[in-house]
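A quick write-up on the structure given underneath.
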Amino acid sequence: MSKINGFVGRRNFLKIAGVGSIGASAAATSLLKGEPAVAQQKPDTDAKPEPVNPDTALKRIIEGNQRFVEGKRLNPNQSRLRLQETAVAQYPFASILGCADSRVPAEIVFDQGLGDLFVVRVAGNVASQTAIGSLEFATSVLGSQLIVVVGHAKCGAVSAAIQGAPLPGRIGVFVEEIKPAVESVRHKTGSLEENSIIANVQYQVTRLVESSTILKGLVKEGKLKIVGGRYDLKTGKFTLVA
């Protein structure tokens, strides 16, 4: 087992599982069964590791989604041992700006586990000031080198922006932040809804860079990549569009 983003490496296995062949054997058996022997564990408190680089992080996202689509999920990093490790510190390898839609839970559709993803969810996957601040924290403090903006088919927030009707309460606040994307493709051939969903992803990716000196600086230094994609509700497939 290699050490990635601060969690268990092969050299630490015996230290975490317990000293001695009997303790190690019992712990190994428990790990294979998915329930580690809690009494023999100690969280890994090693120094903060190097972050996962952007290309490797994106590869893990794409591969995880492919497993989800094919029904071959590994459900990684969901053991009790992982729970203890992430209680000590977190080193997410990627950050997600996704829609709050209940049908698009990032850890499931990308087949990841505890501590793997720093997820910010808001209706319409809008790069609001609060969302930007959260992602600045994820990148500049936690070391995540990839941000993925995740839009999806049949997004209600995008549909509301297309219709342009007055909305109650504060619903209209985030819808207003989608309208520029809609207007950019309103006269484009094809489905206005589909074109708007993709345009909104691309627009929010641009906003992340243009609205944050921190994110812009990290991108220029090659320490951060920001991409965007569309998630299909029927197939579960995530496709990059930005």
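Convention: chains lettered A, B, ... in structure tokens order; per-chain residue numbering from 1; ligands numbered from 1 as shown.
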
With a distance cut-off of 12 Å and only C-alpha atoms, select the neighbouring residues of Val219 (chain A), excluding the residue or stretch itself and same-chain residues fewer than 4 positions from it, and output the selection as a list in words. Pro54, Glu136, Thr139, Ser140, Ser144, Gln145, Leu146, Ile147, Thr206, Leu208, Val209, Glu210, Ser212, Thr213, Ile214, Leu215, Lys223, Leu224, Lys225, Ile226 and Val227 of chain A

Keeping only N, CA and C atoms, write those residues as a PDB file, in the first residue's frame.
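What follows is the written file out-v3.pdb:
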```pdb
ATOM      1  N   PRO A  54      -2.482  17.653 -10.345  1.00  0.00           N
ATOM      2  CA  PRO A  54      -3.778  17.822 -11.024  1.00  0.00           C
ATOM      3  C   PRO A  54      -4.141  16.702 -11.988  1.00  0.00           C
ATOM      4  N   GLU A 136     -10.991  28.198  -2.015  1.00  0.00           N
ATOM      5  CA  GLU A 136      -9.692  28.793  -1.700  1.00  0.00           C
ATOM      6  C   GLU A 136      -9.075  28.081  -0.503  1.00  0.00           C
ATOM      7  N   THR A 139      -7.778  24.562  -1.531  1.00  0.00           N
ATOM      8  CA  THR A 139      -6.562  24.553  -2.340  1.00  0.00           C
ATOM      9  C   THR A 139      -5.359  25.123  -1.605  1.00  0.00           C
ATOM     10  N   SER A 140      -5.508  26.310  -1.029  1.00  0.00           N
ATOM     11  CA  SER A 140      -4.362  26.984  -0.420  1.00  0.00           C
ATOM     12  C   SER A 140      -3.998  26.434   0.954  1.00  0.00           C
ATOM     13  N   SER A 144      -5.383  20.707  -2.090  1.00  0.00           N
ATOM     14  CA  SER A 144      -6.020  20.105  -3.258  1.00  0.00           C
ATOM     15  C   SER A 144      -5.575  20.838  -4.517  1.00  0.00           C
ATOM     16  N   GLN A 145      -5.154  20.094  -5.538  1.00  0.00           N
ATOM     17  CA  GLN A 145      -4.630  20.711  -6.755  1.00  0.00           C
ATOM     18  C   GLN A 145      -5.581  20.580  -7.945  1.00  0.00           C
ATOM     19  N   LEU A 146      -6.813  20.148  -7.674  1.00  0.00           N
ATOM     20  CA  LEU A 146      -7.800  20.022  -8.749  1.00  0.00           C
ATOM     21  C   LEU A 146      -9.161  20.478  -8.250  1.00  0.00           C
ATOM     22  N   ILE A 147      -9.830  21.310  -9.032  1.00  0.00           N
ATOM     23  CA  ILE A 147     -11.223  21.677  -8.785  1.00  0.00           C
ATOM     24  C   ILE A 147     -12.039  21.215  -9.977  1.00  0.00           C
ATOM     25  N   THR A 206     -14.808  29.714 -15.416  1.00  0.00           N
ATOM     26  CA  THR A 206     -14.168  31.009 -15.676  1.00  0.00           C
ATOM     27  C   THR A 206     -14.277  31.932 -14.471  1.00  0.00           C
ATOM     28  N   LEU A 208     -14.451  31.160 -11.324  1.00  0.00           N
ATOM     29  CA  LEU A 208     -13.554  30.737 -10.252  1.00  0.00           C
ATOM     30  C   LEU A 208     -12.176  31.372 -10.410  1.00  0.00           C
ATOM     31  N   VAL A 209     -11.690  31.404 -11.640  1.00  0.00           N
ATOM     32  CA  VAL A 209     -10.371  31.968 -11.888  1.00  0.00           C
ATOM     33  C   VAL A 209     -10.399  33.492 -11.818  1.00  0.00           C
ATOM     34  N   GLU A 210     -11.399  34.086 -12.461  1.00  0.00           N
ATOM     35  CA  GLU A 210     -11.442  35.544 -12.557  1.00  0.00           C
ATOM     36  C   GLU A 210     -11.842  36.230 -11.253  1.00  0.00           C
ATOM     37  N   SER A 212     -11.072  35.128  -8.101  1.00  0.00           N
ATOM     38  CA  SER A 212     -10.212  34.782  -6.964  1.00  0.00           C
ATOM     39  C   SER A 212      -8.742  34.957  -7.319  1.00  0.00           C
ATOM     40  N   THR A 213      -8.070  35.863  -6.631  1.00  0.00           N
ATOM     41  CA  THR A 213      -6.639  36.034  -6.853  1.00  0.00           C
ATOM     42  C   THR A 213      -5.864  34.807  -6.368  1.00  0.00           C
ATOM     43  N   ILE A 214      -6.387  34.143  -5.338  1.00  0.00           N
ATOM     44  CA  ILE A 214      -5.725  32.942  -4.820  1.00  0.00           C
ATOM     45  C   ILE A 214      -5.758  31.822  -5.848  1.00  0.00           C
ATOM     46  N   LEU A 215      -6.943  31.537  -6.377  1.00  0.00           N
ATOM     47  CA  LEU A 215      -7.066  30.465  -7.361  1.00  0.00           C
ATOM     48  C   LEU A 215      -6.319  30.802  -8.646  1.00  0.00           C
ATOM     49  N   LYS A 223       0.016  24.856  -9.925  1.00  0.00           N
ATOM     50  CA  LYS A 223      -0.319  24.078  -8.740  1.00  0.00           C
ATOM     51  C   LYS A 223      -1.813  23.776  -8.638  1.00  0.00           C
ATOM     52  N   LEU A 224      -2.559  24.207  -9.641  1.00  0.00           N
ATOM     53  CA  LEU A 224      -4.008  23.985  -9.616  1.00  0.00           C
ATOM     54  C   LEU A 224      -4.548  23.909 -11.027  1.00  0.00           C
ATOM     55  N   LYS A 225      -5.460  22.963 -11.230  1.00  0.00           N
ATOM     56  CA  LYS A 225      -6.196  22.859 -12.493  1.00  0.00           C
ATOM     57  C   LYS A 225      -7.679  22.941 -12.159  1.00  0.00           C
ATOM     58  N   ILE A 226      -8.409  23.704 -12.954  1.00  0.00           N
ATOM     59  CA  ILE A 226      -9.854  23.818 -12.780  1.00  0.00           C
ATOM     60  C   ILE A 226     -10.526  23.342 -14.051  1.00  0.00           C
ATOM     61  N   VAL A 227     -11.361  22.325 -13.939  1.00  0.00           N
ATOM     62  CA  VAL A 227     -12.060  21.761 -15.095  1.00  0.00           C
ATOM     63  C   VAL A 227     -13.552  21.679 -14.783  1.00  0.00           C
TER      64      VAL A 227
END
```

Tell me, which residues of chain A carry DSSP strand (DSSP E or B), written as a count of residues only? 27

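Remark: for Gly113 (chain A), the closest of the candidate residues A:Ala131, A:Leu74, A:Leu192, A:Ala89 is A:Leu74 (distances computed over only C-alpha atoms).
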
Name the residues in contact with region 158-166 of chain A at a cut-off of 9 Å, using only C-alpha atoms, excluding same-chain residues fewer than 4 positions from it; report them as a JSON list (two decimals) with N, CA and C atoms, in the first residue's frame.
```
[["chain", "number", "residue", "atom", "x", "y", "z"],
["A", 124, "GLY", "N", -27.36, 24.81, -8.85],
["A", 124, "GLY", "CA", -26.83, 25.38, -10.09],
["A", 124, "GLY", "C", -25.32, 25.38, -10.17],
["A", 154, "LYS", "N", -30.94, 18.16, -16.74],
["A", 154, "LYS", "CA", -32.22, 18.52, -16.11],
["A", 154, "LYS", "C", -32.02, 19.31, -14.82],
["A", 172, "GLY", "N", -34.00, 33.42, -6.29],
["A", 172, "GLY", "CA", -33.53, 34.18, -7.44],
["A", 172, "GLY", "C", -32.08, 34.61, -7.37],
["A", 175, "VAL", "N", -30.02, 31.98, -9.14],
["A", 175, "VAL", "CA", -30.48, 31.89, -10.53],
["A", 175, "VAL", "C", -29.91, 33.04, -11.35],
["A", 176, "GLU", "N", -29.82, 34.22, -10.75],
["A", 176, "GLU", "CA", -29.24, 35.38, -11.44],
["A", 176, "GLU", "C", -27.80, 35.12, -11.86],
["A", 177, "GLU", "N", -27.10, 34.30, -11.09],
["A", 177, "GLU", "CA", -25.70, 34.02, -11.39],
["A", 177, "GLU", "C", -25.53, 32.99, -12.51],
["A", 178, "ILE", "N", -26.65, 32.46, -12.99],
["A", 178, "ILE", "CA", -26.62, 31.51, -14.11],
["A", 178, "ILE", "C", -27.05, 32.18, -15.41],
["A", 179, "LYS", "N", -27.82, 33.24, -15.30],
["A", 179, "LYS", "CA", -28.40, 33.89, -16.49],
["A", 179, "LYS", "C", -27.37, 34.33, -17.54],
["A", 182, "VAL", "N", -26.78, 31.43, -19.76],
["A", 182, "VAL", "CA", -27.94, 31.15, -20.61],
["A", 182, "VAL", "C", -27.99, 32.10, -21.79],
["A", 183, "GLU", "N", -27.79, 33.37, -21.53],
["A", 183, "GLU", "CA", -27.86, 34.37, -22.60],
["A", 183, "GLU", "C", -26.78, 34.17, -23.64],
["A", 186, "ARG", "N", -28.40, 31.50, -25.94],
["A", 186, "ARG", "CA", -29.84, 31.55, -26.22],
["A", 186, "ARG", "C", -30.17, 31.42, -27.71],
["A", 192, "LEU", "N", -31.83, 24.45, -25.99],
["A", 192, "LEU", "CA", -31.42, 25.57, -25.15],
["A", 192, "LEU", "C", -31.05, 25.07, -23.75],
["A", 193, "GLU", "N", -31.81, 24.10, -23.25],
["A", 193, "GLU", "CA", -31.54, 23.58, -21.91],
["A", 193, "GLU", "C", -30.16, 22.92, -21.85],
["A", 196, "SER", "N", -27.37, 25.39, -22.30],
["A", 196, "SER", "CA", -27.24, 26.24, -21.12],
["A", 196, "SER", "C", -26.53, 25.51, -19.97],
["A", 197, "ILE", "N", -26.82, 24.23, -19.82],
["A", 197, "ILE", "CA", -26.16, 23.44, -18.76],
["A", 197, "ILE", "C", -24.66, 23.43, -18.98],
["A", 200, "ASN", "N", -23.19, 26.94, -18.56],
["A", 200, "ASN", "CA", -23.11, 27.32, -17.14],
["A", 200, "ASN", "C", -21.87, 26.73, -16.47]]
```

Please run DSSP on the backbone and report, as number ranges by chain, all residues within region 24-241 of chain A that come out as alpha helix (DSSP H). A: 24-32, 54-70, 80-88, 106-109, 129-140, 156-163, 171-176, 179-185, 192-210, 213-220

Quick one: distance from CA of Gln78 (chain A) to CA of Leu114 (chain A) in Å, one decimal? 5.9 Å

What gap, in Å, lies between CA of Val104 (chain A) and CA of Ala138 (chain A)?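 For CA of Val104 (chain A) relative to CA of Ala138 (chain A), the distance reads 20.5 Å.
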